[in-house]
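Q: Below is one structure. I have some questions about it.
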Amino acid sequence: MKLSVNEILLLGFVGILILVPTLQYERWGIDHLYNNKRLIELGLFGLAAILIIVSSQLREQISIFYNLLSINTQLTILAIFFIGGASCMFAKMPDWALLEFAHYLMLAILIFFVGSIAFIGLNKAIMYLKFAVIGVVFFYLARVSFFYVLYQFGIEPLWPGSLNGKALYSFSYVRFFNQVQTWTIPIIVSLGWYYWQLSKKQWIRFGIAALIVGWGILVIASGGRGTILGVVTGALVVWAFLVKKKGRFFSYNVILAVLTLFGHYVFFDVLGESTKQTIQRSSSSGRFDNWINLIPELLEKPFIGYGPMHYASIKFDNPWGHPHNWFLQFGYEWGGMAACLMLILFLMGLYKFGQQLNFNLNDPNYSKQRYWLKFGLLWSLIAGFVHSFFSGLIVMPLSQLWLVLIVGVSMGFYFEEKPGIKNASNLSRRGHLLVIGVIAVSFLGFAYWGSQHSIDRSQVDAHFYKENKSSRSYPRYWQQGKIGLKGLNKSEKSSKSNL
């Protein structure tokens with residue numbers, strides 16, 4: 001079977017999202033778990049960029065899809081990146097600022113690429129999305145089950161433990177695993193509800209229910225408070241406005257929740273030794289105090305901020321590599337204006353998507369399978385939106401790829417069903433020049449950083465740990481994400497002298 005270029009990209013997404021968390025086990029420790037995920041993400045960027053550059057059809061496909069947006073939305077997106085570019089020009093460390101700016105440009109290109117694929121071939125995009133979600137849940141649970149058996153024989157510690165400093169769960173920090181759960185739980189629960197109502201195949205109905213329970217057990221075992229907050233908040237919103245059989249839907253999810261709690265009790269309390277992570281912990285890890293302290297600093301540079309990635313600069317002595325709040329992160333680094341524009345963009349997107357879904361709910365001829373998948377997508381977007389106010393959901397590499405896939409498919413869904421949109425054959429196709437320009441700017445940003453820094457972070461990170469007399473890392477672009485330390489290359493030395 002011959003694969004189209006679009007399918008090659010989707011296969012790349014699905015392969016990374018399923019295989020990396022399932023198979024990755026870095027013998028050299030947690031830094032490589034994170035950094036190698038980032039390198040894989042950059043490899044996907046490179047594949048997409050090459051496909052787009054060599055194919056005029058793809059450039060036209062993406063530019064046409066971009067032109068489906070309203071003129072106000074297009075201008076808002078351009079304004080956000082214009083502000084980000086201006087922020088890079090005035091940043092203390094332009095190499096790091098341009099790296100992050102280039103990265104977000106490529107994320108935007110990928111979102112429109114995936115969106116355009118879904119727009120012209122929605123059924124195929126849906127198939128790959130379902131495979132990605134069910135696949136990562138199934139295979140990662142198989143991985144955890146394997147280590148759980150080894151734990152029972154005294155060979156390995158209980159998940160999510162570690163062995164000689166190497167994470168058993170394929171993530172350098174368990175919260176990065178929870179971010180994947182935030183994106184996927186709403187979709188698999190929605191699919192489970194659909195199959196429970198309409199499928200006559202018992203193995204599908206009970207199989208997906210078992211996956212949901214298993215995935216939920218890992219949320220509790222890992223103490224995923226942000227995931228629970230995002231998923232429950234999203235569930236309340238979609239349940240209140242977009243479910244007709246509210247009692248049955250509520251009962252289904254309550255039963256799954258009870259089974260999840262029981263399963264956690266059996267496997268982690270009775271047969272296991274419980275875990276240090278707990279959803280009942282009350283500490284905010286200093287987030288709230290840090291956010292309050294950031295507000296005066298945001299007001300000092302409200303227009304262009306301090307520069308992309310500059311929250312992680314050692315000059316500003318911030319406690320982490322990012323503030324665990326997407327709005328404050330962009331407000332601090334890109335400026336309050338860009339952050340507010342992004343907030344408006346996100347809220348309008350959620351509202352429009354929900355409005356269309358409400359119309360689908362009242363259409364008796366609308367496909368039930370499509371409805372519940374679309375329902376899961378909206379739920380996932382709300383969950384991710386809420387969780388991102390308390391975490392680095394938009395920072396970590398695998399979470400970024402889930403964001404691209406889910407946002408892209410959702411946009412494709414929306415425009416594929418928007419009345420009259422398919423008659424818009426007279427849309428301008430000159431936008432392919434804009435696509436080339438964005439990719440070129442991204443390439444220059446990556447190349448400029450690469451000319452100043454080594455892609456192998458081992459020596460640089462070791463130097464950081466030595467200088468700070470601590471083994472603690474500050475994840476941002478890399479596992480040790482702090483920037484601006486006087487170190488092993490000319491760029492870092494010159495940057496530090498300018499601070």
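Letters for chains follow the order of the structure tokens (A, B, ...), residue numbers begin at 1 for each chain, and ligand numbers begin at 1 in the order shown.
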At a cut-off of 12 Å, using only C-alpha atoms, what residues contact Ile439 in chain A? Leave out same-chain residues fewer than 2 positions from it and give the result as an NGL selection string.
A: :A and (45-53 or 59 or 101-110 or 432-437 or 441-447)
Q: Please produce a file of those selected residues containing N, CA and C atoms, as a CSV table (one decimal), in the first residue's frame.
A:
chain,number,residue,atom,x,y,z
A,45,PHE,N,10.2,17.8,13.3
A,45,PHE,CA,10.2,19.2,12.7
A,45,PHE,C,10.9,19.1,11.4
A,46,GLY,N,12.1,18.5,11.4
A,46,GLY,CA,12.9,18.5,10.2
A,46,GLY,C,12.2,17.7,9.1
A,47,LEU,N,11.6,16.6,9.4
A,47,LEU,CA,10.8,15.8,8.4
A,47,LEU,C,9.7,16.6,7.8
A,48,ALA,N,9.0,17.3,8.7
A,48,ALA,CA,7.8,18.1,8.2
A,48,ALA,C,8.3,19.3,7.3
A,49,ALA,N,9.4,19.9,7.7
A,49,ALA,CA,10.0,21.0,7.0
A,49,ALA,C,10.4,20.6,5.6
A,50,ILE,N,11.1,19.4,5.5
A,50,ILE,CA,11.6,18.9,4.2
A,50,ILE,C,10.4,18.6,3.3
A,51,LEU,N,9.4,17.9,3.9
A,51,LEU,CA,8.2,17.6,3.1
A,51,LEU,C,7.5,18.8,2.5
A,52,ILE,N,7.4,19.9,3.3
A,52,ILE,CA,6.7,21.1,2.9
A,52,ILE,C,7.6,21.8,1.9
A,53,ILE,N,8.9,21.9,2.1
A,53,ILE,CA,9.7,22.7,1.2
A,53,ILE,C,9.7,22.1,-0.2
A,59,ARG,N,2.5,23.0,0.5
A,59,ARG,CA,2.6,24.4,0.8
A,59,ARG,C,1.2,25.1,0.5
A,101,PHE,N,11.7,30.9,19.8
A,101,PHE,CA,10.9,31.5,18.8
A,101,PHE,C,10.7,30.6,17.6
A,102,ALA,N,11.9,30.1,17.1
A,102,ALA,CA,11.8,29.2,16.0
A,102,ALA,C,11.0,27.9,16.3
A,103,HIS,N,11.2,27.5,17.5
A,103,HIS,CA,10.4,26.2,17.9
A,103,HIS,C,8.9,26.5,17.9
A,104,TYR,N,8.5,27.6,18.4
A,104,TYR,CA,7.0,27.8,18.4
A,104,TYR,C,6.5,28.1,16.9
A,105,LEU,N,7.3,28.7,16.1
A,105,LEU,CA,7.0,28.8,14.7
A,105,LEU,C,6.7,27.5,14.1
A,106,MET,N,7.6,26.5,14.3
A,106,MET,CA,7.4,25.2,13.8
A,106,MET,C,6.2,24.5,14.4
A,107,LEU,N,6.0,24.7,15.6
A,107,LEU,CA,4.8,24.1,16.2
A,107,LEU,C,3.5,24.6,15.5
A,108,ALA,N,3.5,25.9,15.2
A,108,ALA,CA,2.4,26.5,14.5
A,108,ALA,C,2.2,25.9,13.1
A,109,ILE,N,3.3,25.8,12.4
A,109,ILE,CA,3.3,25.2,11.1
A,109,ILE,C,2.8,23.8,11.2
A,110,LEU,N,3.2,23.0,12.2
A,110,LEU,CA,2.7,21.6,12.3
A,110,LEU,C,1.2,21.6,12.6
A,432,HIS,N,1.6,30.2,0.2
A,432,HIS,CA,2.8,29.3,0.3
A,432,HIS,C,4.1,30.0,0.5
A,433,LEU,N,4.2,31.3,0.0
A,433,LEU,CA,5.4,32.0,0.3
A,433,LEU,C,5.5,32.3,1.8
A,434,LEU,N,4.4,32.6,2.4
A,434,LEU,CA,4.5,32.8,3.9
A,434,LEU,C,4.9,31.5,4.6
A,435,VAL,N,4.5,30.4,4.1
A,435,VAL,CA,4.9,29.1,4.7
A,435,VAL,C,6.4,28.9,4.6
A,436,ILE,N,6.9,29.2,3.4
A,436,ILE,CA,8.3,29.0,3.2
A,436,ILE,C,9.1,30.0,4.1
A,437,GLY,N,8.6,31.2,4.2
A,437,GLY,CA,9.2,32.2,5.0
A,437,GLY,C,9.3,31.8,6.5
A,441,VAL,N,12.7,31.2,8.6
A,441,VAL,CA,13.1,31.9,9.8
A,441,VAL,C,13.3,30.9,10.9
A,442,SER,N,12.5,29.8,11.0
A,442,SER,CA,12.7,28.8,12.0
A,442,SER,C,14.1,28.1,11.8
A,443,PHE,N,14.4,27.8,10.5
A,443,PHE,CA,15.7,27.2,10.3
A,443,PHE,C,16.9,28.1,10.7
A,444,LEU,N,16.8,29.4,10.5
A,444,LEU,CA,17.8,30.3,10.9
A,444,LEU,C,17.9,30.4,12.4
A,445,GLY,N,16.8,30.3,13.1
A,445,GLY,CA,16.8,30.3,14.5
A,445,GLY,C,17.5,29.1,15.1
A,446,PHE,N,17.2,27.9,14.6
A,446,PHE,CA,17.8,26.7,15.0
A,446,PHE,C,19.3,26.7,14.6
A,447,ALA,N,19.6,27.2,13.4
A,447,ALA,CA,21.0,27.1,13.0
A,447,ALA,C,21.8,28.1,13.8
Q: Give me the residues near Met411 in chain A as number ranges by chain, where near means some atom within 8 Å (using only C-alpha atoms) and where sequence neighbours in that chain fewer than 3 positions away do not count.
A: A: 115, 118-119, 407-408, 414-415
Q: When you look at Trp193 in chain A with a cut-off of 10 Å (counting only C-alpha atoms), what residues show up, excluding the ones that are within fewer than 5 positions of it in the same chain? I need them as a VMD selection string.
A: chain A and resid 187 to 188 198 to 199 205 208 to 209 248 to 249 252 to 253 372
Q: Taking 5 positions as the minimum chain separation for residues in the same chain, which residues sit within 6 Å of Gly234 in chain A when counting only C-alpha atoms? Answer as a compact mmCIF listing (two decimals) with C-alpha atoms, in the first residue's frame.
A:
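Everything below was put into out-v9.txt:
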# COMPACT_ATOMS: atom_id res chain seq x y z
CA TRP A 379 -12.93 17.87 26.54
CA ILE A 382 -10.39 22.20 27.97
CA ALA A 383 -8.46 19.81 30.22
Q: Where in range 182-349 of chain A does DSSP assign helix (DSSP H, G or I), given as a PyMOL selection string?
A: chain A and resi 182-198+202-221+225-242+246-270+287-300+310-312+314-316+326-333+336-349
